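**Q** First, the structure itself, so that you have it in front of you.
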Amino acid sequence: VIPGWFSEISPMWPGEAHSLKVEKVLFQGKSEYQNVMVFQSSTYGKVLVLDGVIQLTERDECAYQEMITHLPLCSISNPKKVMVIGGGDGGVLREVSRHSSVEHIDICEIDKMVVDVSKQYFPEVAVGYEDPRVNLHIGDGVAFLKAAPEGTYDAIIVDSSDPIGPAQELFEKPFFESVAKALRPGGVVCTQAESIWLHMHIIEDIVTNCRQIFKGSVNYAWTTVPTYPSGVIGFMLCSTEGPPVDFKHPVNSIDANDSHNKSKGPLKFYNPEIHTAAFCLPSFAKKVIERK
Ligand code: AAT
C-alpha cells in the first residue's frame with residue numbers, strides 16, 4: 001500500500017490492484033451493509049468506494065451507466081415500465097429517463113447510505129432521482145423482485161456490485177428466475193456481468209443459468225471502464241419468450257432534442273455503432289460463452 005494512494009485490493013482479482021492518487025477523503029461511513037467512502041482523486045474526479053471496491057468515478061461513469069442502460073433499452077421499441085436493481089447512485093436512472101417512452105421507473109437499492117452520499121457528493125449522477133417517473137424502494141432487490149407481479153416490466157437493469165457481500169444472491173439462479181417472471185413476454189434484462197479477463201468462471205455460470213431460464217436470446221456484451229478491475233466490464237443481456245429481440249441491432253434511438261434529454265446534456269459514450277460492437281467478443285471469451 002502506497003501512502004496517499006487508494007489501492008483496490010480484493011480476492012476477486014488476486015495479485016493485482018489498480019491505484020488512484022488521493023487528494024482528499026471526503027466521506028467515510030459504515031452502513032448496515034458495507035463501508036462507504038468518497039474521495040477526491042487527482043485524475044478521475046470524485047470516487048465512490050463500497051467495501052474497498054470502486055463503484056464509480058466522475059470521469060468514467062458514463063461508459064458504464066450509458067452502456068448498462070441503453071444496450072437493453074435501445075434493443076426494444078417503446079420501453080414503458082423499467083426496473084433498476086442496485087444503482088443507488090442514480091446514474092442508471094439518469095440514463096433511463098432519457099427515454100421519453102418510459103412511463104414508470106422502479107429502483108430497489110439495498111443501502112440508503114449510498115443514495116444519500118450520492119445526492120451529496122455526486123449531484124450530476126444523482127440527478128436521476130429528480131425525474132418524477134422514478135419510485136425509490138430501499139430494500140433487497142432479490143426480495144423485491146420475488147414479490148413483483150408477473151409480466152410487469154419491459155426491461156430490468158441489474159446494476160449490482162460484485163458477488164461478495166450484499167450482491168451475492170444477484171448472481172444466483174433463483175434471482176434470474178424471478179427476473180424472468182417479472183418481465184413481460186419479449187422483455188429484456190441487462191445485468192452487470194464482470195470481466196472477461198478476470199471472471200470467466202463467473203460468466204460461465206451466469207450464461208449456463210440464463211440459457212436455461214431465458215427462452216428468447218442470451219448475449220454477452222462488454223465495455224471499457226478504466227477504473228474497474230482489468231479496465232473492462234461486461235453485461236449479460238437476455239430476453240424472455242415472446243416477440244424476438246435482436247440485441248445486436250438497436251431498434252430504438254435516443255432523441256437528442258427530447259426535453260428529457262436536453263436538461264441532462266449529451267451522451268458521452270453510447271452510440272449505435274458501439275452498441276453493435278459491444279457484442280463482438282475476443283476468441284477466448286467467444287469459445288466459452290457461445291459453447292454454453
Ligand atoms: N452504478 C454504480 C455501480 C455499481 S453500484 C452497485 C449497487 O448495488 C450498490 O449501491 C449496492 O449497495 C447495491 N446492491 C448490492 N446488493 C444489493 C441487493 N441485494 N439489492 C439491491 N441493491 C444492492 C456496481 C459497481 C460494479 C463494480 C465492479 N467491480
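Identifiers in the C-alpha cells: chain A, B, ... in order shown; residue index from 1 per chain; ligand index from 1 in order shown.
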Around ligand 1, at most 8 Å away and counting only C-alpha atoms and all ligand atoms, which residues are there? Put them as a ChimeraX atom specification, please.

**A** /A:33-34,50,53-56,61,64-65,85-92,108-111,114-115,138-142,159-162,165-170,192,194,228-229,233

**Q** Per DSSP on the backbone, what are the alpha helix (DSSP H) residues of region 49-283 of chain A, as an MDAnalysis selection string?

**A** chainID A and resid 61:73 91:96 112:121 123:126 141:147 173:182 200:213 259:262 272:277 283

**Q** Could you please determine the separation between CA of Ala148 (chain A) and CA of Lys80 (chain A) in Å, to one decimal place?

**A** 16.2 Å

**Q** Applying 12 Å and only C-alpha atoms, which residues near Pro282 (chain A) remain after dropping the ones on its own chain fewer than 3 positions away? List them as an MDAnalysis selection string.

**A** chainID A and resid 196:197 220:222 277:279 285:290

**Q** For the selection just defined, write its residues with N, CA and C atoms to a file, as a PDB file, in the first residue's frame.

**A**
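Below you can see result_2.pdb, which holds the result:
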ATOM      1  N   ILE A 196     -14.190 -10.279 -18.617  1.00  0.00           N
ATOM      2  CA  ILE A 196     -13.705 -11.461 -19.351  1.00  0.00           C
ATOM      3  C   ILE A 196     -12.241 -11.776 -19.017  1.00  0.00           C
ATOM      4  N   TRP A 197     -11.484 -10.791 -18.513  1.00  0.00           N
ATOM      5  CA  TRP A 197     -10.080 -11.040 -18.164  1.00  0.00           C
ATOM      6  C   TRP A 197      -9.937 -11.724 -16.812  1.00  0.00           C
ATOM      7  N   TYR A 220     -23.722 -11.799 -24.457  1.00  0.00           N
ATOM      8  CA  TYR A 220     -22.769 -11.105 -23.584  1.00  0.00           C
ATOM      9  C   TYR A 220     -22.195  -9.917 -24.355  1.00  0.00           C
ATOM     10  N   ALA A 221     -22.150  -8.756 -23.690  1.00  0.00           N
ATOM     11  CA  ALA A 221     -21.551  -7.560 -24.290  1.00  0.00           C
ATOM     12  C   ALA A 221     -20.554  -6.979 -23.289  1.00  0.00           C
ATOM     13  N   TRP A 222     -19.659  -6.124 -23.749  1.00  0.00           N
ATOM     14  CA  TRP A 222     -18.687  -5.542 -22.813  1.00  0.00           C
ATOM     15  C   TRP A 222     -18.287  -4.130 -23.206  1.00  0.00           C
ATOM     16  N   ALA A 277     -21.001  -3.071 -31.722  1.00  0.00           N
ATOM     17  CA  ALA A 277     -19.630  -3.548 -31.498  1.00  0.00           C
ATOM     18  C   ALA A 277     -19.469  -4.227 -30.141  1.00  0.00           C
ATOM     19  N   ALA A 278     -20.261  -3.818 -29.147  1.00  0.00           N
ATOM     20  CA  ALA A 278     -20.113  -4.329 -27.782  1.00  0.00           C
ATOM     21  C   ALA A 278     -20.341  -5.841 -27.696  1.00  0.00           C
ATOM     22  N   PHE A 279     -21.016  -6.403 -28.705  1.00  0.00           N
ATOM     23  CA  PHE A 279     -21.303  -7.842 -28.690  1.00  0.00           C
ATOM     24  C   PHE A 279     -20.217  -8.667 -29.366  1.00  0.00           C
ATOM     25  N   ALA A 285     -13.007 -15.649 -25.216  1.00  0.00           N
ATOM     26  CA  ALA A 285     -14.271 -15.494 -24.499  1.00  0.00           C
ATOM     27  C   ALA A 285     -15.421 -16.092 -25.310  1.00  0.00           C
ATOM     28  N   LYS A 286     -15.335 -15.917 -26.616  1.00  0.00           N
ATOM     29  CA  LYS A 286     -16.353 -16.433 -27.532  1.00  0.00           C
ATOM     30  C   LYS A 286     -16.469 -17.944 -27.389  1.00  0.00           C
ATOM     31  N   LYS A 287     -15.306 -18.591 -27.292  1.00  0.00           N
ATOM     32  CA  LYS A 287     -15.252 -20.049 -27.194  1.00  0.00           C
ATOM     33  C   LYS A 287     -16.052 -20.528 -25.982  1.00  0.00           C
ATOM     34  N   VAL A 288     -15.873 -19.852 -24.858  1.00  0.00           N
ATOM     35  CA  VAL A 288     -16.539 -20.279 -23.626  1.00  0.00           C
ATOM     36  C   VAL A 288     -18.023 -19.884 -23.643  1.00  0.00           C
ATOM     37  N   ILE A 289     -18.299 -18.641 -24.014  1.00  0.00           N
ATOM     38  CA  ILE A 289     -19.667 -18.116 -23.900  1.00  0.00           C
ATOM     39  C   ILE A 289     -20.600 -18.755 -24.935  1.00  0.00           C
ATOM     40  N   GLU A 290     -20.121 -18.936 -26.156  1.00  0.00           N
ATOM     41  CA  GLU A 290     -21.006 -19.468 -27.194  1.00  0.00           C
ATOM     42  C   GLU A 290     -21.140 -20.985 -27.129  1.00  0.00           C
TER      43      GLU A 290
END

**Q** Could you list, as a VMD selection string, every residue within 8 Å of region 266-271 of chain A, counting only C-alpha atoms and ignoring same-chain residues fewer than 3 positions away?

**A** chain A and resid 62 to 63 66 to 67 70 256 261 to 262 274 to 275

**Q** The selected residues should be written to file as a compact mmCIF listing (two decimals), in the first residue's frame (atoms: all heavy atoms).

**A**
# COMPACT_ATOMS: atom_id res chain seq x y z
N CYS A 62 -19.72 7.42 -17.20
CA CYS A 62 -20.58 7.42 -18.40
C CYS A 62 -20.46 6.12 -19.18
O CYS A 62 -21.45 5.60 -19.69
CB CYS A 62 -20.22 8.61 -19.30
SG CYS A 62 -18.52 8.59 -19.90
N ALA A 63 -19.25 5.55 -19.24
CA ALA A 63 -19.04 4.34 -20.05
C ALA A 63 -19.87 3.19 -19.51
O ALA A 63 -20.43 2.39 -20.26
CB ALA A 63 -17.56 3.96 -20.06
N GLU A 66 -24.15 4.44 -19.22
CA GLU A 66 -24.82 4.55 -20.52
C GLU A 66 -24.96 3.19 -21.17
O GLU A 66 -26.01 2.86 -21.74
CB GLU A 66 -24.04 5.51 -21.44
CG GLU A 66 -24.12 6.97 -20.98
CD GLU A 66 -23.40 7.94 -21.92
OE1 GLU A 66 -23.11 7.57 -23.09
OE2 GLU A 66 -23.12 9.08 -21.48
N MET A 67 -23.93 2.36 -21.07
CA MET A 67 -24.00 1.05 -21.74
C MET A 67 -24.96 0.10 -21.03
O MET A 67 -25.76 -0.56 -21.69
CB MET A 67 -22.59 0.43 -21.84
CG MET A 67 -21.67 1.16 -22.80
SD MET A 67 -22.23 1.13 -24.52
CE MET A 67 -21.45 -0.37 -25.08
N HIS A 70 -28.54 1.69 -22.07
CA HIS A 70 -29.02 1.82 -23.45
C HIS A 70 -28.88 0.52 -24.25
O HIS A 70 -29.60 0.33 -25.22
CB HIS A 70 -28.36 3.01 -24.13
CG HIS A 70 -28.58 4.30 -23.38
ND1 HIS A 70 -29.84 4.70 -22.98
CD2 HIS A 70 -27.71 5.24 -22.90
CE1 HIS A 70 -29.74 5.84 -22.30
NE2 HIS A 70 -28.45 6.18 -22.23
N ALA A 256 -31.99 13.27 -29.23
CA ALA A 256 -31.18 14.31 -28.58
C ALA A 256 -31.99 15.58 -28.31
O ALA A 256 -31.66 16.36 -27.41
CB ALA A 256 -29.98 14.64 -29.45
N ASN A 261 -33.94 14.99 -22.44
CA ASN A 261 -32.54 14.84 -22.75
C ASN A 261 -31.75 16.13 -22.67
O ASN A 261 -30.61 16.15 -22.22
CB ASN A 261 -32.45 14.34 -24.18
CG ASN A 261 -31.87 12.97 -24.21
OD1 ASN A 261 -30.86 12.77 -23.55
ND2 ASN A 261 -32.51 12.10 -24.91
N LYS A 262 -32.39 17.19 -23.12
CA LYS A 262 -31.70 18.48 -23.19
C LYS A 262 -31.17 18.87 -21.81
O LYS A 262 -30.06 19.35 -21.68
CB LYS A 262 -32.66 19.54 -23.72
CG LYS A 262 -32.69 19.56 -25.24
CD LYS A 262 -33.44 20.78 -25.74
CE LYS A 262 -33.35 20.91 -27.25
NZ LYS A 262 -34.54 21.56 -27.80
N ILE A 274 -21.28 1.66 -31.33
CA ILE A 274 -20.65 1.00 -30.19
C ILE A 274 -21.61 -0.02 -29.58
O ILE A 274 -21.19 -1.02 -28.99
CB ILE A 274 -20.13 2.03 -29.17
CG1 ILE A 274 -18.83 1.53 -28.54
CG2 ILE A 274 -21.15 2.39 -28.11
CD1 ILE A 274 -18.01 2.60 -27.89
N HIS A 275 -22.92 0.19 -29.75
CA HIS A 275 -23.92 -0.77 -29.31
C HIS A 275 -23.67 -2.13 -30.01
O HIS A 275 -23.53 -3.16 -29.35
CB HIS A 275 -25.33 -0.25 -29.63
CG HIS A 275 -26.44 -1.17 -29.24
ND1 HIS A 275 -27.50 -0.76 -28.47
CD2 HIS A 275 -26.68 -2.49 -29.52
CE1 HIS A 275 -28.33 -1.79 -28.27
NE2 HIS A 275 -27.86 -2.85 -28.92

**Q** Extract, using only C-alpha atoms, all DNA, RNA and protein residues at most 12 Å from region 120-130 of chain A, discarding same-chain residues fewer than 3 positions from it, and format them as an MDAnalysis selection string.

**A** chainID A and resid 25:27 37:40 45:48 56:62 65:66 84 87:98 105:107 113:117 133:137 260:261 263:265

**Q** With N, CA and C atoms retained, write the just-selected residues as a compact mmCIF listing (two decimals), in the first residue's frame.

**A**
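Saved as part.txt:
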# COMPACT_ATOMS: atom_id res chain seq x y z
N VAL A 25 -9.89 12.68 1.37
CA VAL A 25 -11.03 11.81 1.69
C VAL A 25 -12.19 12.71 2.10
N LEU A 26 -13.33 12.57 1.42
CA LEU A 26 -14.47 13.48 1.66
C LEU A 26 -15.51 12.88 2.58
N PHE A 27 -15.62 11.56 2.59
CA PHE A 27 -16.64 10.90 3.42
C PHE A 27 -16.20 9.49 3.75
N MET A 37 -17.17 5.00 1.23
CA MET A 37 -16.15 6.05 1.23
C MET A 37 -16.24 6.87 -0.06
N VAL A 38 -16.00 8.17 0.07
CA VAL A 38 -15.88 9.04 -1.11
C VAL A 38 -14.56 9.78 -0.99
N PHE A 39 -13.76 9.77 -2.07
CA PHE A 39 -12.55 10.60 -2.05
C PHE A 39 -12.40 11.37 -3.36
N GLN A 40 -11.66 12.47 -3.25
CA GLN A 40 -11.30 13.26 -4.43
C GLN A 40 -9.99 12.69 -4.95
N GLY A 45 -11.59 12.62 -10.84
CA GLY A 45 -12.67 13.30 -10.12
C GLY A 45 -12.99 12.58 -8.82
N LYS A 46 -14.22 12.75 -8.35
CA LYS A 46 -14.61 12.08 -7.09
C LYS A 46 -14.86 10.60 -7.36
N VAL A 47 -14.59 9.78 -6.33
CA VAL A 47 -14.69 8.32 -6.46
C VAL A 47 -15.56 7.78 -5.34
N LEU A 48 -16.51 6.90 -5.67
CA LEU A 48 -17.35 6.22 -4.68
C LEU A 48 -16.85 4.80 -4.49
N LEU A 56 -17.88 3.88 -8.78
CA LEU A 56 -17.85 4.80 -9.92
C LEU A 56 -16.87 5.93 -9.68
N THR A 57 -16.40 6.52 -10.77
CA THR A 57 -15.64 7.78 -10.70
C THR A 57 -16.34 8.76 -11.64
N GLU A 58 -16.20 10.05 -11.34
CA GLU A 58 -16.87 11.06 -12.16
C GLU A 58 -16.41 11.01 -13.62
N ARG A 59 -15.15 10.65 -13.82
CA ARG A 59 -14.61 10.73 -15.17
C ARG A 59 -15.08 9.61 -16.09
N ASP A 60 -15.21 8.38 -15.57
CA ASP A 60 -15.54 7.28 -16.48
C ASP A 60 -16.89 6.62 -16.21
N GLU A 61 -17.71 7.19 -15.31
CA GLU A 61 -19.01 6.56 -15.03
C GLU A 61 -19.90 6.48 -16.27
N CYS A 62 -19.72 7.42 -17.20
CA CYS A 62 -20.58 7.42 -18.40
C CYS A 62 -20.46 6.12 -19.18
N GLN A 65 -22.62 3.45 -17.05
CA GLN A 65 -24.06 3.74 -16.87
C GLN A 65 -24.78 3.84 -18.21
N GLU A 66 -24.15 4.44 -19.22
CA GLU A 66 -24.82 4.55 -20.52
C GLU A 66 -24.96 3.19 -21.17
N VAL A 84 -34.89 -1.00 -11.93
CA VAL A 84 -33.45 -0.97 -11.69
C VAL A 84 -33.18 -1.62 -10.33
N GLY A 87 -27.74 0.20 -8.15
CA GLY A 87 -27.68 1.50 -8.82
C GLY A 87 -28.08 2.68 -7.97
N GLY A 88 -27.86 2.59 -6.65
CA GLY A 88 -28.29 3.63 -5.71
C GLY A 88 -27.73 5.00 -5.97
N ASP A 89 -26.63 5.09 -6.73
CA ASP A 89 -26.04 6.39 -7.06
C ASP A 89 -26.94 7.22 -7.97
N GLY A 90 -27.86 6.58 -8.71
CA GLY A 90 -28.80 7.32 -9.56
C GLY A 90 -28.37 7.45 -11.01
N GLY A 91 -27.18 6.99 -11.34
CA GLY A 91 -26.66 7.14 -12.71
C GLY A 91 -27.47 6.39 -13.75
N VAL A 92 -27.90 5.16 -13.43
CA VAL A 92 -28.72 4.40 -14.37
C VAL A 92 -30.08 5.08 -14.52
N LEU A 93 -30.60 5.64 -13.43
CA LEU A 93 -31.88 6.37 -13.51
C LEU A 93 -31.76 7.56 -14.46
N ARG A 94 -30.65 8.27 -14.34
CA ARG A 94 -30.40 9.41 -15.24
C ARG A 94 -30.48 8.96 -16.70
N GLU A 95 -29.89 7.80 -16.98
CA GLU A 95 -29.88 7.30 -18.37
C GLU A 95 -31.25 6.77 -18.79
N VAL A 96 -31.95 6.03 -17.91
CA VAL A 96 -33.28 5.51 -18.25
C VAL A 96 -34.20 6.67 -18.59
N SER A 97 -34.08 7.75 -17.83
CA SER A 97 -35.02 8.86 -18.02
C SER A 97 -34.76 9.65 -19.29
N ARG A 98 -33.72 9.34 -20.04
CA ARG A 98 -33.54 9.93 -21.37
C ARG A 98 -34.57 9.38 -22.36
N ILE A 105 -40.56 4.12 -13.53
CA ILE A 105 -39.26 3.54 -13.20
C ILE A 105 -39.26 3.17 -11.72
N ASP A 106 -39.06 1.87 -11.41
CA ASP A 106 -38.85 1.45 -10.03
C ASP A 106 -37.37 1.25 -9.82
N ILE A 107 -36.85 1.63 -8.65
CA ILE A 107 -35.47 1.28 -8.30
C ILE A 107 -35.48 0.68 -6.91
N MET A 113 -27.59 4.59 2.57
CA MET A 113 -26.42 5.47 2.68
C MET A 113 -25.83 5.78 1.29
N VAL A 114 -25.89 4.80 0.37
CA VAL A 114 -25.38 5.03 -0.99
C VAL A 114 -26.19 6.14 -1.66
N VAL A 115 -27.52 6.11 -1.47
CA VAL A 115 -28.39 7.12 -2.07
C VAL A 115 -28.06 8.50 -1.50
N ASP A 116 -27.98 8.59 -0.17
CA ASP A 116 -27.74 9.89 0.49
C ASP A 116 -26.37 10.46 0.12
N VAL A 117 -25.36 9.61 0.16
CA VAL A 117 -23.99 10.05 -0.14
C VAL A 117 -23.89 10.51 -1.61
N ARG A 133 -40.85 10.24 -12.79
CA ARG A 133 -41.26 8.86 -13.09
C ARG A 133 -40.60 7.84 -12.15
N VAL A 134 -39.59 8.32 -11.36
CA VAL A 134 -38.81 7.42 -10.51
C VAL A 134 -39.49 7.14 -9.17
N ASN A 135 -39.55 5.85 -8.79
CA ASN A 135 -40.05 5.43 -7.48
C ASN A 135 -38.96 4.66 -6.76
N LEU A 136 -38.45 5.25 -5.66
CA LEU A 136 -37.34 4.62 -4.94
C LEU A 136 -37.85 3.68 -3.85
N HIS A 137 -37.32 2.44 -3.84
CA HIS A 137 -37.61 1.48 -2.79
C HIS A 137 -36.28 1.11 -2.13
N HIS A 260 -36.54 15.60 -22.17
CA HIS A 260 -35.94 14.81 -21.10
C HIS A 260 -34.42 14.82 -21.21
N ASN A 261 -33.94 14.99 -22.44
CA ASN A 261 -32.54 14.84 -22.75
C ASN A 261 -31.75 16.13 -22.67
N SER A 263 -31.98 18.61 -20.78
CA SER A 263 -31.61 19.02 -19.44
C SER A 263 -30.42 18.22 -18.89
N LYS A 264 -30.14 17.04 -19.49
CA LYS A 264 -29.08 16.18 -18.95
C LYS A 264 -27.76 16.32 -19.69
N GLY A 265 -27.76 17.06 -20.78
CA GLY A 265 -26.53 17.14 -21.57
C GLY A 265 -26.43 15.93 -22.47

**Q** Skip Asn209 (chain A) itself and residues of its chain fewer than 4 positions away, then list as a list in words all residues within 8 Å of it, counting only C-alpha atoms.

**A**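 What passes the distance filter is Lys173, Phe176, Asp205 and Ile213 of chain A.
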
**Q** Please determine, counting only C-alpha atoms, which residue among A:Ile206, A:Ala155, A:Leu198, A:Val218 has the shortest atom-to-atom distance to Glu16 (chain A).

**A**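 Closest residue, counting only C-alpha atoms: A:Leu198.
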
**Q** A:Thr223, A:Thr191, A:Ser42, A:Ser259: which is nearest Phe235 (chain A), counting only C-alpha atoms?

**A**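 When distances to Phe235 (chain A) are compared using only C-alpha atoms, the smallest one comes from A:Thr191.
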